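input.txt follows; it contains compact mmCIF, N, CA and C atoms.
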# COMPACT_ATOMS: atom_id res chain seq x y z
N ARG A 1 0.86 -1.17 0.00
CA ARG A 1 0.00 0.00 0.00
C ARG A 1 0.90 1.23 0.00
N MET A 2 0.87 1.97 -1.08
CA MET A 2 1.65 3.20 -1.19
C MET A 2 0.66 4.35 -1.25
N ASP A 3 0.78 5.28 -0.30
CA ASP A 3 -0.15 6.39 -0.26
C ASP A 3 0.36 7.54 -1.12
N HIS A 4 1.51 8.09 -0.79
CA HIS A 4 2.06 9.21 -1.55
C HIS A 4 3.51 9.42 -1.15
N HIS A 5 4.23 10.15 -1.99
CA HIS A 5 5.58 10.55 -1.62
C HIS A 5 5.48 11.87 -0.88
N CYS A 6 6.07 11.92 0.31
CA CYS A 6 5.98 13.11 1.14
C CYS A 6 7.33 13.80 1.22
N PRO A 7 7.43 15.02 0.70
CA PRO A 7 8.71 15.73 0.80
C PRO A 7 9.04 16.15 2.23
N TRP A 8 8.04 16.22 3.11
CA TRP A 8 8.29 16.60 4.50
C TRP A 8 9.11 15.54 5.22
N VAL A 9 8.84 14.28 4.93
CA VAL A 9 9.58 13.21 5.59
C VAL A 9 10.63 12.62 4.66
N GLY A 10 10.64 13.04 3.39
CA GLY A 10 11.65 12.57 2.45
C GLY A 10 11.51 11.10 2.13
N ASN A 11 10.28 10.61 2.10
CA ASN A 11 10.05 9.19 1.88
C ASN A 11 8.63 9.00 1.37
N CYS A 12 8.36 7.80 0.91
CA CYS A 12 6.99 7.46 0.53
C CYS A 12 6.23 7.04 1.77
N VAL A 13 4.99 7.50 1.88
CA VAL A 13 4.13 7.11 2.99
C VAL A 13 3.36 5.89 2.54
N GLY A 14 3.46 4.84 3.31
CA GLY A 14 2.81 3.58 2.96
C GLY A 14 2.31 2.86 4.20
N PHE A 15 2.09 1.58 4.06
CA PHE A 15 1.47 0.79 5.13
C PHE A 15 2.27 0.82 6.43
N LYS A 16 3.59 0.69 6.34
CA LYS A 16 4.40 0.58 7.56
C LYS A 16 4.69 1.91 8.25
N ASN A 17 4.50 3.03 7.56
CA ASN A 17 4.79 4.31 8.20
C ASN A 17 3.63 5.31 8.13
N HIS A 18 2.45 4.87 7.74
CA HIS A 18 1.29 5.77 7.64
C HIS A 18 0.92 6.32 9.02
N LYS A 19 0.98 5.49 10.04
CA LYS A 19 0.67 5.95 11.40
C LYS A 19 1.62 7.07 11.81
N PHE A 20 2.89 6.91 11.53
CA PHE A 20 3.88 7.91 11.93
C PHE A 20 3.68 9.22 11.17
N PHE A 21 3.27 9.13 9.91
CA PHE A 21 2.98 10.34 9.14
C PHE A 21 1.78 11.07 9.73
N LEU A 22 0.71 10.34 10.07
CA LEU A 22 -0.47 10.96 10.65
C LEU A 22 -0.15 11.58 12.02
N LEU A 23 0.65 10.90 12.82
CA LEU A 23 1.05 11.45 14.12
C LEU A 23 1.93 12.68 13.95
N MET A 24 2.79 12.68 12.95
CA MET A 24 3.62 13.86 12.70
C MET A 24 2.72 15.05 12.36
N CYS A 25 1.72 14.83 11.54
CA CYS A 25 0.78 15.91 11.19
C CYS A 25 0.03 16.38 12.44
N PHE A 26 -0.43 15.44 13.26
CA PHE A 26 -1.17 15.79 14.47
C PHE A 26 -0.31 16.59 15.44
N TYR A 27 0.91 16.11 15.72
CA TYR A 27 1.77 16.79 16.68
C TYR A 27 2.26 18.13 16.14
N THR A 28 2.47 18.25 14.84
CA THR A 28 2.86 19.52 14.25
C THR A 28 1.74 20.55 14.39
N ALA A 29 0.52 20.14 14.05
CA ALA A 29 -0.62 21.06 14.18
C ALA A 29 -0.84 21.45 15.64
N ALA A 30 -0.71 20.49 16.56
CA ALA A 30 -0.90 20.78 17.98
C ALA A 30 0.19 21.72 18.51
N ALA A 31 1.44 21.49 18.12
CA ALA A 31 2.54 22.35 18.57
C ALA A 31 2.39 23.77 18.02
N CYS A 32 1.99 23.88 16.77
CA CYS A 32 1.78 25.21 16.18
C CYS A 32 0.63 25.94 16.87
N ALA A 33 -0.43 25.22 17.16
CA ALA A 33 -1.57 25.84 17.87
C ALA A 33 -1.14 26.28 19.26
N PHE A 34 -0.39 25.45 19.97
CA PHE A 34 0.08 25.79 21.31
C PHE A 34 0.97 27.03 21.28
N PHE A 35 1.90 27.10 20.33
CA PHE A 35 2.79 28.25 20.22
C PHE A 35 2.00 29.51 19.90
N THR A 36 1.09 29.42 18.94
CA THR A 36 0.32 30.59 18.53
C THR A 36 -0.54 31.11 19.67
N VAL A 37 -1.23 30.21 20.36
CA VAL A 37 -2.10 30.62 21.46
C VAL A 37 -1.26 31.19 22.61
N SER A 38 -0.08 30.64 22.83
CA SER A 38 0.79 31.14 23.90
C SER A 38 1.36 32.52 23.58
N ALA A 39 1.68 32.75 22.32
CA ALA A 39 2.30 34.02 21.94
C ALA A 39 1.27 35.12 21.70
N LEU A 40 0.04 34.76 21.44
CA LEU A 40 -0.98 35.74 21.07
C LEU A 40 -1.20 36.83 22.12
N PRO A 41 -1.28 36.53 23.42
CA PRO A 41 -1.49 37.62 24.39
C PRO A 41 -0.35 38.64 24.40
N VAL A 42 0.88 38.18 24.26
CA VAL A 42 2.02 39.11 24.28
C VAL A 42 2.00 39.98 23.04
N VAL A 43 1.77 39.37 21.87
CA VAL A 43 1.76 40.13 20.63
C VAL A 43 0.58 41.10 20.62
N ALA A 44 -0.58 40.64 21.06
CA ALA A 44 -1.76 41.51 21.08
C ALA A 44 -1.55 42.70 22.02
N ARG A 45 -0.95 42.44 23.20
CA ARG A 45 -0.71 43.52 24.14
C ARG A 45 0.28 44.53 23.59
N ALA A 46 1.26 44.07 22.84
CA ALA A 46 2.26 44.98 22.27
C ALA A 46 1.66 45.87 21.20
N PHE A 47 0.76 45.32 20.40
CA PHE A 47 0.22 46.10 19.29
C PHE A 47 -1.06 46.86 19.63
N THR A 48 -1.65 46.60 20.79
CA THR A 48 -2.84 47.35 21.18
C THR A 48 -2.58 48.32 22.31
N ALA A 49 -1.38 48.30 22.86
CA ALA A 49 -1.06 49.23 23.96
C ALA A 49 -1.00 50.65 23.43
N LYS A 50 -1.56 51.56 24.22
CA LYS A 50 -1.55 52.97 23.84
C LYS A 50 -0.30 53.62 24.44
N PRO A 51 0.54 54.17 23.57
CA PRO A 51 1.74 54.82 24.10
C PRO A 51 1.38 56.09 24.86
N THR A 52 2.04 56.32 25.94
CA THR A 52 1.83 57.53 26.73
C THR A 52 3.17 58.23 26.89
N ALA A 53 3.11 59.54 27.04
CA ALA A 53 4.35 60.31 27.19
C ALA A 53 5.01 60.00 28.53
N VAL A 54 4.23 59.97 29.57
CA VAL A 54 4.75 59.69 30.90
C VAL A 54 3.88 58.62 31.52
N ARG A 55 4.49 57.57 32.02
CA ARG A 55 3.72 56.52 32.65
C ARG A 55 4.38 56.16 33.97
N LEU A 56 3.59 56.18 35.01
CA LEU A 56 4.10 55.77 36.30
C LEU A 56 3.95 54.25 36.40
N VAL A 57 5.04 53.61 36.68
CA VAL A 57 5.04 52.15 36.74
C VAL A 57 5.19 51.74 38.19
N SER A 58 4.25 50.92 38.63
CA SER A 58 4.38 50.38 39.98
C SER A 58 4.88 48.94 39.87
N ALA A 59 5.16 48.34 40.98
CA ALA A 59 5.76 47.00 41.00
C ALA A 59 4.84 45.95 40.38
N GLY A 60 3.51 46.09 40.47
CA GLY A 60 2.60 45.07 39.98
C GLY A 60 2.17 45.25 38.54
N ASP A 61 2.57 46.37 37.89
CA ASP A 61 2.15 46.60 36.51
C ASP A 61 2.90 45.69 35.54
N PRO A 62 2.21 45.24 34.47
CA PRO A 62 2.93 44.48 33.45
C PRO A 62 3.87 45.40 32.70
N PRO A 63 4.95 44.87 32.17
CA PRO A 63 5.90 45.73 31.46
C PRO A 63 5.27 46.30 30.19
N VAL A 64 5.70 47.48 29.81
CA VAL A 64 5.24 48.11 28.58
C VAL A 64 5.98 47.45 27.42
N LEU A 65 5.23 47.02 26.42
CA LEU A 65 5.84 46.37 25.27
C LEU A 65 5.83 47.32 24.09
N ASP A 66 6.97 47.45 23.46
CA ASP A 66 7.10 48.33 22.31
C ASP A 66 6.92 47.51 21.04
N PRO A 67 5.93 47.84 20.19
CA PRO A 67 5.73 47.08 18.97
C PRO A 67 6.89 47.19 17.98
N ASN A 68 7.80 48.14 18.18
CA ASN A 68 8.96 48.26 17.31
C ASN A 68 10.16 47.47 17.81
N ASP A 69 10.03 46.87 18.97
CA ASP A 69 11.10 46.05 19.53
C ASP A 69 11.31 44.84 18.61
N PRO A 70 12.55 44.58 18.18
CA PRO A 70 12.80 43.47 17.26
C PRO A 70 12.32 42.12 17.79
N SER A 71 12.38 41.90 19.08
CA SER A 71 11.93 40.61 19.61
C SER A 71 10.42 40.47 19.51
N ILE A 72 9.69 41.57 19.67
CA ILE A 72 8.23 41.52 19.51
C ILE A 72 7.86 41.29 18.05
N VAL A 73 8.58 41.95 17.14
CA VAL A 73 8.33 41.77 15.71
C VAL A 73 8.64 40.32 15.32
N ALA A 74 9.75 39.78 15.84
CA ALA A 74 10.10 38.38 15.55
C ALA A 74 9.05 37.43 16.12
N LEU A 75 8.55 37.71 17.32
CA LEU A 75 7.52 36.86 17.92
C LEU A 75 6.23 36.92 17.10
N ALA A 76 5.88 38.11 16.63
CA ALA A 76 4.68 38.25 15.79
C ALA A 76 4.84 37.49 14.48
N ALA A 77 6.02 37.59 13.87
CA ALA A 77 6.27 36.87 12.61
C ALA A 77 6.27 35.36 12.84
N ALA A 78 6.88 34.92 13.93
CA ALA A 78 6.93 33.48 14.22
C ALA A 78 5.54 32.94 14.53
N SER A 79 4.73 33.70 15.24
CA SER A 79 3.39 33.21 15.55
C SER A 79 2.50 33.22 14.30
N SER A 80 2.70 34.16 13.39
CA SER A 80 1.98 34.15 12.12
C SER A 80 2.37 32.94 11.29
N PHE A 81 3.67 32.65 11.25
CA PHE A 81 4.15 31.47 10.52
C PHE A 81 3.61 30.20 11.15
N ALA A 82 3.64 30.11 12.48
CA ALA A 82 3.14 28.92 13.18
C ALA A 82 1.65 28.74 12.94
N ALA A 83 0.90 29.83 12.94
CA ALA A 83 -0.55 29.73 12.69
C ALA A 83 -0.82 29.21 11.29
N SER A 84 -0.11 29.74 10.29
CA SER A 84 -0.35 29.28 8.91
C SER A 84 0.12 27.84 8.72
N LEU A 85 1.26 27.47 9.29
CA LEU A 85 1.73 26.09 9.19
C LEU A 85 0.77 25.15 9.92
N GLY A 86 0.30 25.57 11.09
CA GLY A 86 -0.64 24.73 11.85
C GLY A 86 -1.95 24.53 11.12
N LEU A 87 -2.48 25.58 10.51
CA LEU A 87 -3.74 25.44 9.77
C LEU A 87 -3.58 24.54 8.55
N SER A 88 -2.49 24.71 7.82
CA SER A 88 -2.28 23.86 6.64
C SER A 88 -2.03 22.41 7.04
N THR A 89 -1.29 22.19 8.11
CA THR A 89 -1.04 20.83 8.57
C THR A 89 -2.31 20.19 9.12
N ALA A 90 -3.14 20.98 9.81
CA ALA A 90 -4.42 20.45 10.30
C ALA A 90 -5.33 20.07 9.14
N GLY A 91 -5.32 20.86 8.08
CA GLY A 91 -6.10 20.51 6.89
C GLY A 91 -5.60 19.23 6.25
N LEU A 92 -4.28 19.07 6.17
CA LEU A 92 -3.70 17.84 5.64
C LEU A 92 -4.07 16.65 6.52
N LEU A 93 -3.97 16.83 7.83
CA LEU A 93 -4.33 15.76 8.77
C LEU A 93 -5.79 15.35 8.61
N PHE A 94 -6.67 16.33 8.53
CA PHE A 94 -8.10 16.05 8.39
C PHE A 94 -8.38 15.27 7.11
N SER A 95 -7.79 15.70 5.99
CA SER A 95 -8.03 14.98 4.73
C SER A 95 -7.45 13.58 4.77
N GLN A 96 -6.28 13.41 5.39
CA GLN A 96 -5.68 12.08 5.47
C GLN A 96 -6.47 11.15 6.40
N LEU A 97 -7.02 11.71 7.49
CA LEU A 97 -7.84 10.88 8.39
C LEU A 97 -9.14 10.45 7.71
N LEU A 98 -9.73 11.34 6.90
CA LEU A 98 -10.93 10.95 6.15
C LEU A 98 -10.62 9.83 5.18
N LEU A 99 -9.49 9.92 4.49
CA LEU A 99 -9.11 8.85 3.56
C LEU A 99 -8.80 7.56 4.32
N ALA A 100 -8.13 7.67 5.46
CA ALA A 100 -7.80 6.48 6.24
C ALA A 100 -9.07 5.80 6.76
N ALA A 101 -10.06 6.58 7.13
CA ALA A 101 -11.33 6.00 7.62
C ALA A 101 -12.07 5.27 6.50
N GLN A 102 -11.80 5.63 5.25
CA GLN A 102 -12.40 4.95 4.11
C GLN A 102 -11.49 3.88 3.53
N ASN A 103 -10.31 3.70 4.12
CA ASN A 103 -9.30 2.76 3.66
C ASN A 103 -8.89 3.06 2.22
N ARG A 104 -8.65 4.33 1.96
CA ARG A 104 -8.20 4.78 0.64
C ARG A 104 -6.85 5.46 0.78
N THR A 105 -6.08 5.38 -0.26
CA THR A 105 -4.85 6.15 -0.31
C THR A 105 -5.13 7.46 -1.03
N THR A 106 -4.16 8.34 -1.05
CA THR A 106 -4.32 9.60 -1.75
C THR A 106 -4.52 9.35 -3.25
N ILE A 107 -3.84 8.36 -3.78
CA ILE A 107 -3.98 8.01 -5.19
C ILE A 107 -5.38 7.45 -5.45
N GLU A 108 -5.86 6.57 -4.57
CA GLU A 108 -7.18 5.96 -4.76
C GLU A 108 -8.32 6.95 -4.55
N ALA A 109 -8.05 8.09 -3.95
CA ALA A 109 -9.11 9.09 -3.75
C ALA A 109 -9.63 9.62 -5.07
N HIS A 110 -8.83 9.49 -6.12
CA HIS A 110 -9.25 9.98 -7.43
C HIS A 110 -10.07 8.95 -8.21
N TYR A 111 -10.17 7.72 -7.69
CA TYR A 111 -10.98 6.70 -8.36
C TYR A 111 -12.44 6.90 -8.01
N ARG A 112 -13.31 6.52 -8.90
CA ARG A 112 -14.74 6.61 -8.66
C ARG A 112 -15.21 5.37 -7.90
N GLY A 113 -16.31 5.54 -7.16
CA GLY A 113 -16.90 4.40 -6.46
C GLY A 113 -16.31 4.18 -5.09
N ARG A 114 -16.86 3.18 -4.45
CA ARG A 114 -16.43 2.85 -3.10
C ARG A 114 -15.16 2.00 -3.12
N SER A 115 -14.34 2.15 -2.10
CA SER A 115 -13.11 1.37 -2.01
C SER A 115 -13.45 -0.09 -1.76
N PRO A 116 -12.87 -1.00 -2.52
CA PRO A 116 -13.14 -2.43 -2.27
C PRO A 116 -12.48 -2.93 -0.98
N TYR A 117 -11.61 -2.13 -0.39
CA TYR A 117 -10.90 -2.52 0.84
C TYR A 117 -11.54 -1.95 2.09
N ASP A 118 -12.64 -1.23 1.95
CA ASP A 118 -13.30 -0.57 3.08
C ASP A 118 -13.92 -1.59 4.02
N LEU A 119 -13.49 -1.56 5.29
CA LEU A 119 -14.01 -2.47 6.31
C LEU A 119 -14.83 -1.75 7.36
N GLY A 120 -15.10 -0.47 7.15
CA GLY A 120 -15.74 0.38 8.16
C GLY A 120 -14.69 1.24 8.82
N PRO A 121 -15.07 2.42 9.28
CA PRO A 121 -14.08 3.38 9.79
C PRO A 121 -13.18 2.83 10.90
N ARG A 122 -13.76 2.17 11.90
CA ARG A 122 -12.94 1.70 13.03
C ARG A 122 -11.93 0.64 12.59
N ARG A 123 -12.36 -0.33 11.83
CA ARG A 123 -11.43 -1.39 11.40
C ARG A 123 -10.40 -0.85 10.41
N ASN A 124 -10.81 0.13 9.61
CA ASN A 124 -9.84 0.74 8.70
C ASN A 124 -8.74 1.46 9.48
N LEU A 125 -9.13 2.21 10.50
CA LEU A 125 -8.14 2.91 11.32
C LEU A 125 -7.30 1.93 12.13
N GLU A 126 -7.88 0.81 12.52
CA GLU A 126 -7.10 -0.20 13.24
C GLU A 126 -6.02 -0.81 12.35
N GLN A 127 -6.23 -0.83 11.05
CA GLN A 127 -5.19 -1.33 10.16
C GLN A 127 -3.97 -0.42 10.18
N ILE A 128 -4.18 0.86 10.42
CA ILE A 128 -3.07 1.82 10.45
C ILE A 128 -2.52 1.97 11.86
N PHE A 129 -3.40 2.17 12.84
CA PHE A 129 -2.99 2.48 14.21
C PHE A 129 -2.88 1.26 15.12
N GLY A 130 -3.37 0.11 14.68
CA GLY A 130 -3.38 -1.07 15.53
C GLY A 130 -4.65 -1.10 16.37
N LEU A 131 -4.71 -2.07 17.27
CA LEU A 131 -5.88 -2.19 18.15
C LEU A 131 -6.00 -0.94 19.01
N TRP A 132 -7.24 -0.56 19.32
CA TRP A 132 -7.50 0.67 20.07
C TRP A 132 -6.90 0.59 21.47
N ASP A 133 -5.97 1.45 21.76
CA ASP A 133 -5.41 1.63 23.10
C ASP A 133 -4.63 2.93 23.10
N SER A 134 -3.92 3.19 24.17
CA SER A 134 -3.20 4.46 24.28
C SER A 134 -2.06 4.59 23.27
N SER A 135 -1.62 3.48 22.69
CA SER A 135 -0.51 3.56 21.73
C SER A 135 -0.93 4.19 20.40
N TRP A 136 -2.23 4.43 20.21
CA TRP A 136 -2.66 5.14 19.01
C TRP A 136 -2.01 6.50 18.91
N PHE A 137 -1.72 7.14 20.04
CA PHE A 137 -1.19 8.50 20.05
C PHE A 137 0.32 8.55 20.26
N LEU A 138 0.95 7.39 20.30
CA LEU A 138 2.40 7.33 20.51
C LEU A 138 3.10 6.83 19.25
N PRO A 139 4.29 7.33 18.96
CA PRO A 139 5.01 6.89 17.78
C PRO A 139 5.71 5.54 17.98
N VAL A 140 4.92 4.53 18.21
CA VAL A 140 5.43 3.15 18.35
C VAL A 140 4.72 2.29 17.32
N HIS A 141 5.34 1.19 16.96
CA HIS A 141 4.72 0.30 15.98
C HIS A 141 3.42 -0.25 16.56
N PRO A 142 2.38 -0.28 15.75
CA PRO A 142 1.06 -0.71 16.26
C PRO A 142 0.96 -2.21 16.46
N ARG A 143 0.08 -2.57 17.41
CA ARG A 143 -0.29 -3.97 17.56
C ARG A 143 -1.34 -4.24 16.50
N ARG A 144 -1.04 -5.12 15.60
CA ARG A 144 -1.95 -5.39 14.50
C ARG A 144 -3.11 -6.26 14.97
N PRO A 145 -4.31 -5.98 14.42
CA PRO A 145 -5.48 -6.82 14.80
C PRO A 145 -5.37 -8.22 14.24
In structure tokens, what does this structure look like?
Amino acid sequence: RMDHHCPWVGNCVGFKNHKFFLLMCFYTAAACAFFTVSALPVVARAFTAKPTAVRLVSAGDPPVLDPNDPSIVALAAASSFAASLGLSTAGLLFSQLLLAAQNRTTIEAHYRGRSPYDLGPRRNLEQIFGLWDSSWFLPVHPRRP
């Protein structure tokens, strides 16, 4: 079973590594979402803060962030990149999970009709991830049904 050649992993995605490809997409999308959500309050505060000529700062006040500070600009650029990479990877993950639930490869998605290998969504996913347990989310070889 050959699904597609993936330039991200530099290899063809097939039966023995399809689980690892799907997990890579999942963890990439999750890490990008985590980074973007974590950076968003800092970036938003920097770009929405109203500059004042004189500001009295007490010990409990948050620091004033300058939107022209190179580190804030770099954080904004990195979070924009992470958001776009996360959205595109999440879209790829979603499309690949839909195909996996139908027991189709990316190549077979262009064929008309139902897949002759379709065993139902759960059994199709068990062919890739192994029997349902916590190892579905870990990059370990699956226990085959």
message: Can you pull out the residues contacting segment 122-139 of chain A? Cut-off 6.5 Å, using all atoms listed in the file, and skip same-chain residues under 3 positions away; I want them as an MDAnalysis selection string.
response: chainID A and resid 18:20 100:103 119 142:145
Within 8 Å of Gly91 of chain A, counting all atoms listed in the file, which residues show up once you throw out same-chain ones fewer than 6 positions away? Write them as a short mmCIF file (atom, residue, chain, number, x, y, z; two decimals) with N, CA and C atoms, keeping the file's coordinate frame, please.
data_model
loop_
_atom_site.label_atom_id
_atom_site.label_comp_id
_atom_site.auth_asym_id
_atom_site.auth_seq_id
_atom_site.Cartn_x
_atom_site.Cartn_y
_atom_site.Cartn_z
N ALA A 29 0.52 20.14 14.05
CA ALA A 29 -0.62 21.06 14.18
C ALA A 29 -0.84 21.45 15.64
N LEU A 85 1.26 27.47 9.29
CA LEU A 85 1.73 26.09 9.19
C LEU A 85 0.77 25.15 9.92
N LEU A 97 -7.02 11.71 7.49
CA LEU A 97 -7.84 10.88 8.39
C LEU A 97 -9.14 10.45 7.71
#
task: Name all residues at most 8 Å from Cys25 of chain A (count only C-alpha atoms; drop same-chain ones fewer than 3 positions away) and give them as a VMD selection string.
output: chain A and resid 21 to 22 28 to 29 89 to 90 92 to 93
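For the residues A:Gln96, A:His5, A:Leu23, A:Pro41, ranking by smallest atom-to-atom distance to Ile72 of chain A using only C-alpha atoms places A:Pro41 first.
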field: Length of the atom CA of Ala46 of chain A to atom C of Asp69 of chain A vector [Å]
entry: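 Value for the atom CA of Ala46 of chain A-atom C of Asp69 of chain A distance: 9.8 Å.
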message: Can you measure atom CA of Ser80 of chain A to atom N of Val42 of chain A for me? One decimal in Å is fine.
response: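 Interatomic distance, atom CA of Ser80 of chain A to atom N of Val42 of chain A: 12.8 Å.
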message: Applying 7 Å and only N, CA and C atoms, which residues near Met2 of chain A remain after dropping the ones on its own chain fewer than 2 positions away? List them as a list in words.
response: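 The neighbour list is His4, His5, Cys12, Val13, Gly14, Phe15, Thr105, Thr106 and Ile107 of chain A.
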field: Separation of atom CA of Val43 of chain A from atom CA of Trp8 of chain A, in Å and rounded to one decimal
entry: 29.3 Å
DSSP strand (DSSP E or B) residues within chain A, listed as a list in words: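 Selecting the strand (DSSP E or B) positions of chain A gives Met2, Asp3, His4, His5, Cys6, Asn11, Cys12, Val13 and Gly14 of chain A.
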message: For a quick check of understanding, using only N, CA and C atoms, which of A:Phe81, A:Tyr117, A:Tyr111, A:Phe94 has the smallest distance to Phe26 of chain A?
response: A:Phe94
